[in-house]
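Heads up: the structure comes next, in structure tokens.
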Amino acid sequence: MVAEFDGVDEKNNPINYQVTETIFQKLQEATRNSQTVKILPLKQAISQQEGYGKARELGKAQNADIVIWGRYSKTEKTASVSVNFEILSKAKNYLDLGKQAQGEIRTMAVASLTNIEIQIDLAEELKYLTLVTLGVSAYAGDDWDNAIKQLTAALSEGKANKAALDPAFIYFYRGTAYNNKGDFDLAITDYNKAIQLNPKLAEAFYNRGVAYGSLMKYNSAIADYNKALKLNPKFADAFINRGFAYSEKGEYDRAIADYNEALKLNPKNADADAFNNRGVAYYKRGEYDRAITDYNEAIKLNPKYA
């Protein structure tokens, strides 16, 4: 749903520079071939005072997954614009939108507005955000093929704006979709790009480690888990997976130490895999009583753990 973008001049008189029309047209063009997406006009404005609450209310009434609204103004020398991109679908839990997609006011030369430059830029940015959201919505529903298709479209057709959404996340989610399909080399290529764009993304190092582990490249996997843990020392899953990689290399003491750390981090929400994997390491060392104790704990946590 695309709301009307209110426009006023310095005297608060209404003005129209085709902001709403341009955004609407670009979004329609971007989703023209989609069988599941419709771009619809809300036919009313949402004020900053009404904000996200009103956007969610109107969006839910129309079964919308996304509501876009904003406003713009101009003086003799400058123009300002704000845009809000409200996600109502499950994709909201996966995307960390920047301030420029959450109403931050942007100021530019008034010529950008009168020459239709800002309208085109906003439309391209919102097309980018929409295509990413479609891809992440498919990802959230475990539809890996559609997620890859939509995220690829976002990268090739959208105009990335890091202030609205870090493009590292697009490569991260597409890489994870490839990972879940078993296309580990393609996944690693995408994680490489995500890390290049955002070297502080611990999850990208972790997931690349998972891909390397699936290819039995355990040294590379361990190196990535080390980097993930340096960025996030409380990353329990990284300890579990690094422990598994050590175990596959026959380094059982290191494996057990990692499983201990994982269990220490989540004593009240322990992972059955941590107990099972530590049990395997104890078994390999011939410590059968300890192995049985850990297998018992894994079965207690997951009675269907065959």
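A note on labels: chains of the structure tokens are A, B, ... as shown, every chain counts residues from 1, and ligands are counted from 1 in their shown order.
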* Asked: Excluding same-chain residues fewer than 6 positions from region 265-267 of chain A, what lies within 9 Å of it counting only C-alpha atoms, as an NGL selection string?
  -> :A and (234-236)
Selection to disk with N, CA and C atoms, as an mmCIF file, in the first residue's frame:
```cif
data_model
loop_
_atom_site.group_PDB
_atom_site.id
_atom_site.type_symbol
_atom_site.label_atom_id
_atom_site.label_comp_id
_atom_site.auth_asym_id
_atom_site.auth_seq_id
_atom_site.Cartn_x
_atom_site.Cartn_y
_atom_site.Cartn_z
ATOM 1 N N LYS A 234 29.414 -14.645 22.887
ATOM 2 C CA LYS A 234 28.314 -15.429 23.469
ATOM 3 C C LYS A 234 27.533 -16.188 22.399
ATOM 4 N N PHE A 235 28.140 -16.417 21.258
ATOM 5 C CA PHE A 235 27.509 -17.090 20.121
ATOM 6 C C PHE A 235 27.582 -18.604 20.363
ATOM 7 N N ALA A 236 26.578 -19.136 21.079
ATOM 8 C CA ALA A 236 26.614 -20.544 21.506
ATOM 9 C C ALA A 236 26.695 -21.505 20.325
#
```
* **Residue neighbourhood Arg174 (chain A), 10 Å, only C-alpha atoms, exclusion window fewer than 4 positions, as a list in words** =>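 Contacts, with the query itself left out: Gly135, Val136, Tyr139, Trp144, Asp145, Ala147, Ile148, Lys149, Gln150, Leu151, Thr152, Phe169, Ile170, Tyr178, Asn179, Asn180, Leu186, Ala187, Asp190, Tyr191 and Ala194 of chain A.
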List the neighbours of region 10-21 of chain A out to 7 Å using only C-alpha atoms; skip same-chain residues closer than 2 positions along the sequence, and give me the result as a short mmCIF file (atom, residue, chain, number, x, y, z; two decimals) with N, CA and C atoms, in the first residue's frame.
```cif
data_model
loop_
_atom_site.label_atom_id
_atom_site.label_comp_id
_atom_site.auth_asym_id
_atom_site.auth_seq_id
_atom_site.Cartn_x
_atom_site.Cartn_y
_atom_site.Cartn_z
N GLU A 4 -0.55 8.59 0.18
CA GLU A 4 -0.27 9.86 -0.49
C GLU A 4 0.86 10.57 0.24
N PHE A 5 1.87 11.03 -0.49
CA PHE A 5 2.94 11.82 0.09
C PHE A 5 2.48 13.28 0.12
N GLY A 7 2.72 17.19 0.33
CA GLY A 7 3.74 18.18 0.02
C GLY A 7 3.26 19.57 0.35
N VAL A 8 4.12 20.37 1.00
CA VAL A 8 3.77 21.76 1.35
C VAL A 8 4.96 22.66 1.07
N ILE A 23 6.68 7.19 -7.31
CA ILE A 23 6.94 6.00 -6.48
C ILE A 23 6.00 4.86 -6.89
N PHE A 24 4.73 5.18 -7.02
CA PHE A 24 3.74 4.17 -7.37
C PHE A 24 4.07 3.52 -8.71
N GLN A 25 4.41 4.33 -9.70
CA GLN A 25 4.71 3.81 -11.04
C GLN A 25 5.93 2.90 -11.02
N LYS A 74 9.18 22.32 0.58
CA LYS A 74 10.22 23.09 -0.09
C LYS A 74 10.15 24.54 0.34
N THR A 75 11.32 25.15 0.37
CA THR A 75 11.42 26.58 0.53
C THR A 75 11.99 27.13 -0.78
N THR A 114 12.29 19.94 -8.00
CA THR A 114 11.63 20.51 -9.18
C THR A 114 12.05 19.81 -10.47
N GLN A 119 12.37 12.44 -6.71
CA GLN A 119 11.27 11.50 -6.92
C GLN A 119 11.79 10.17 -7.47
#
```
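Near Val81 (chain A), within a cut-off of 9 Å and counting only C-alpha atoms, sit the residues A:Gly7, A:Gly70, A:Arg71, A:Tyr72, A:Ser73, A:Lys74, A:Gly103, A:Glu104, A:Ile105, A:Arg106, A:Thr107, A:Met108, A:Ile118, with same-chain residues fewer than 3 positions away left out.
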File dump, residues just selected, C-alpha atoms, as a PDB file, in the first residue's frame:
```pdb
ATOM      1  CA  GLY A   7       3.736  18.176   0.020  1.00  0.00           C
ATOM      2  CA  GLY A  70       5.988  10.125   3.835  1.00  0.00           C
ATOM      3  CA  ARG A  71       5.949  13.847   3.215  1.00  0.00           C
ATOM      4  CA  TYR A  72       8.000  16.540   1.520  1.00  0.00           C
ATOM      5  CA  SER A  73       8.312  20.318   1.618  1.00  0.00           C
ATOM      6  CA  LYS A  74      10.221  23.092  -0.090  1.00  0.00           C
ATOM      7  CA  GLY A 103      11.215   8.819   8.663  1.00  0.00           C
ATOM      8  CA  GLU A 104      14.574  10.581   8.911  1.00  0.00           C
ATOM      9  CA  ILE A 105      14.319  13.985   7.214  1.00  0.00           C
ATOM     10  CA  ARG A 106      16.640  14.456   4.239  1.00  0.00           C
ATOM     11  CA  THR A 107      17.497  17.899   2.914  1.00  0.00           C
ATOM     12  CA  MET A 108      18.706  18.723  -0.581  1.00  0.00           C
ATOM     13  CA  ILE A 118      14.484  13.154  -5.730  1.00  0.00           C
TER      14      ILE A 118
END
```
* Could you jot down the CA of Asp271 (chain A) to CA of Ala140 (chain A) separation for me, Å, one decimal place? =>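 Between CA of Asp271 (chain A) and CA of Ala140 (chain A) the gap is 22.3 Å.
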* Selection: 10 Å around Asn198 (chain A), only C-alpha atoms, excl. self and same-chain fewer than 3 positions, as number ranges by chain -> A: 166-169, 192-195, 201-202, 204
* To do: For Tyr282 (chain A), work out the shell of residues within 12 Å, counting only C-alpha atoms and skipping chain neighbours fewer than 3 positions away, then give it as a list in words.
  =>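 These residues fall inside the cut-off: Ser247, Gly250, Glu251, Tyr252, Asp253, Arg254, Ala255, Ile256, Ala257, Tyr259, Phe275, Asn276, Asn277, Arg278, Gly279, Arg285, Gly286, Glu287, Tyr288, Asp289, Arg290, Ala291, Ile292, Thr293, Asp294 and Tyr295 of chain A.
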* To do: Please give the complete set of residues from region 24-95 of chain A that DSSP, run on the backbone, assigns to strand (DSSP E), formatted as a PyMOL selection string.
  => chain A and resi 41-45+66-74+78-87
Selection from above, N, CA, C and O atoms, as an mmCIF file, in the first residue's frame, can you write it?
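What ended up in out.cif:
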```
data_model
loop_
_atom_site.group_PDB
_atom_site.id
_atom_site.type_symbol
_atom_site.label_atom_id
_atom_site.label_comp_id
_atom_site.auth_asym_id
_atom_site.auth_seq_id
_atom_site.Cartn_x
_atom_site.Cartn_y
_atom_site.Cartn_z
ATOM 1 N N PRO A 41 -2.863 1.876 -4.213
ATOM 2 C CA PRO A 41 -2.841 3.202 -3.571
ATOM 3 C C PRO A 41 -3.686 3.200 -2.302
ATOM 4 O O PRO A 41 -4.775 2.620 -2.269
ATOM 5 N N LEU A 42 -3.170 3.847 -1.271
ATOM 6 C CA LEU A 42 -3.953 3.965 -0.042
ATOM 7 C C LEU A 42 -4.986 5.085 -0.156
ATOM 8 O O LEU A 42 -5.987 5.100 0.552
ATOM 9 N N LYS A 43 -4.715 6.026 -1.040
ATOM 10 C CA LYS A 43 -5.631 7.147 -1.342
ATOM 11 C C LYS A 43 -5.859 8.054 -0.143
ATOM 12 O O LYS A 43 -6.899 8.711 -0.031
ATOM 13 N N GLN A 44 -4.904 8.080 0.748
ATOM 14 C CA GLN A 44 -4.922 9.042 1.844
ATOM 15 C C GLN A 44 -3.503 9.174 2.380
ATOM 16 O O GLN A 44 -2.664 8.313 2.154
ATOM 17 N N ALA A 45 -3.260 10.266 3.057
ATOM 18 C CA ALA A 45 -1.939 10.496 3.635
ATOM 19 C C ALA A 45 -1.902 9.964 5.065
ATOM 20 O O ALA A 45 -2.936 9.775 5.711
ATOM 21 N N ILE A 66 3.315 -4.438 3.236
ATOM 22 C CA ILE A 66 4.156 -3.243 3.324
ATOM 23 C C ILE A 66 3.261 -2.011 3.190
ATOM 24 O O ILE A 66 2.358 -1.989 2.353
ATOM 25 N N VAL A 67 3.531 -0.999 4.008
ATOM 26 C CA VAL A 67 2.871 0.300 3.856
ATOM 27 C C VAL A 67 3.971 1.356 3.734
ATOM 28 O O VAL A 67 4.880 1.418 4.560
ATOM 29 N N ILE A 68 3.863 2.169 2.686
ATOM 30 C CA ILE A 68 4.845 3.223 2.432
ATOM 31 C C ILE A 68 4.153 4.573 2.552
ATOM 32 O O ILE A 68 3.083 4.782 1.968
ATOM 33 N N TRP A 69 4.763 5.486 3.318
ATOM 34 C CA TRP A 69 4.207 6.826 3.395
ATOM 35 C C TRP A 69 5.318 7.827 3.705
ATOM 36 O O TRP A 69 6.431 7.434 4.034
ATOM 37 N N GLY A 70 4.984 9.108 3.558
ATOM 38 C CA GLY A 70 5.988 10.125 3.835
ATOM 39 C C GLY A 70 5.445 11.499 3.513
ATOM 40 O O GLY A 70 4.256 11.682 3.262
ATOM 41 N N ARG A 71 6.357 12.474 3.519
ATOM 42 C CA ARG A 71 5.949 13.847 3.215
ATOM 43 C C ARG A 71 7.165 14.586 2.663
ATOM 44 O O ARG A 71 8.313 14.143 2.829
ATOM 45 N N TYR A 72 6.911 15.726 2.037
ATOM 46 C CA TYR A 72 8.000 16.540 1.520
ATOM 47 C C TYR A 72 7.598 18.004 1.593
ATOM 48 O O TYR A 72 6.404 18.337 1.707
ATOM 49 N N SER A 73 8.584 18.876 1.575
ATOM 50 C CA SER A 73 8.312 20.318 1.618
ATOM 51 C C SER A 73 9.436 21.043 0.895
ATOM 52 O O SER A 73 10.495 20.467 0.626
ATOM 53 N N LYS A 74 9.178 22.316 0.577
ATOM 54 C CA LYS A 74 10.221 23.092 -0.090
ATOM 55 C C LYS A 74 10.147 24.545 0.339
ATOM 56 O O LYS A 74 9.073 25.081 0.659
ATOM 57 N N THR A 78 15.742 25.200 -0.557
ATOM 58 C CA THR A 78 15.935 23.796 -0.167
ATOM 59 C C THR A 78 14.629 23.014 -0.219
ATOM 60 O O THR A 78 13.535 23.578 -0.151
ATOM 61 N N ALA A 79 14.817 21.703 -0.332
ATOM 62 C CA ALA A 79 13.679 20.782 -0.254
ATOM 63 C C ALA A 79 14.018 19.732 0.806
ATOM 64 O O ALA A 79 15.185 19.405 1.020
ATOM 65 N N SER A 80 13.014 19.230 1.482
ATOM 66 C CA SER A 80 13.224 18.154 2.456
ATOM 67 C C SER A 80 12.172 17.079 2.224
ATOM 68 O O SER A 80 11.062 17.358 1.760
ATOM 69 N N VAL A 81 12.560 15.854 2.546
ATOM 70 C CA VAL A 81 11.652 14.728 2.331
ATOM 71 C C VAL A 81 11.894 13.688 3.407
ATOM 72 O O VAL A 81 13.015 13.538 3.917
ATOM 73 N N SER A 82 10.851 12.996 3.795
ATOM 74 C CA SER A 82 10.985 11.850 4.704
ATOM 75 C C SER A 82 10.150 10.709 4.142
ATOM 76 O O SER A 82 9.118 10.931 3.506
ATOM 77 N N VAL A 83 10.633 9.491 4.354
ATOM 78 C CA VAL A 83 9.924 8.309 3.862
ATOM 79 C C VAL A 83 9.909 7.250 4.951
ATOM 80 O O VAL A 83 10.883 7.092 5.697
ATOM 81 N N ASN A 84 8.804 6.555 5.061
ATOM 82 C CA ASN A 84 8.634 5.482 6.039
ATOM 83 C C ASN A 84 8.250 4.201 5.310
ATOM 84 O O ASN A 84 7.342 4.206 4.472
ATOM 85 N N PHE A 85 8.940 3.128 5.647
ATOM 86 C CA PHE A 85 8.730 1.831 5.008
ATOM 87 C C PHE A 85 8.356 0.846 6.110
ATOM 88 O O PHE A 85 9.218 0.325 6.812
ATOM 89 N N GLU A 86 7.061 0.639 6.299
ATOM 90 C CA GLU A 86 6.579 -0.213 7.394
ATOM 91 C C GLU A 86 6.283 -1.621 6.881
ATOM 92 O O GLU A 86 5.456 -1.809 5.982
ATOM 93 N N ILE A 87 6.986 -2.606 7.453
ATOM 94 C CA ILE A 87 6.797 -4.003 7.062
ATOM 95 C C ILE A 87 5.859 -4.677 8.055
ATOM 96 O O ILE A 87 6.091 -4.636 9.267
#
```
* Using backbone DSSP assignments, extract all helix (DSSP H, G or I) residues from region 130-296 of chain A; output them as a PyMOL selection string. => chain A and resi 130-140+144-157+168-181+184-197+202-214+218-231+236-248+252-265+272-284+288-296
* To do: Would you mind reading off the distance between CA of Lys159 (chain A) and CA of Lys127 (chain A), one decimal, in Å?
  =>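 If I compute the distance from CA of Lys159 (chain A) to CA of Lys127 (chain A), I get 7.8 Å.
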* Structure fact -> Across A:Asn241, A:Asn219, A:Gln28, A:Thr130, the smallest distance to Asn207 (chain A), with only C-alpha atoms counted, is shown by A:Asn241
* Asked: Could you state the separation of CA of Leu58 (chain A) and CA of Val2 (chain A) in Å, given to one decimal place?
  ->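 Atom-to-atom, CA of Leu58 (chain A) and CA of Val2 (chain A) are spaced 10.8 Å apart.
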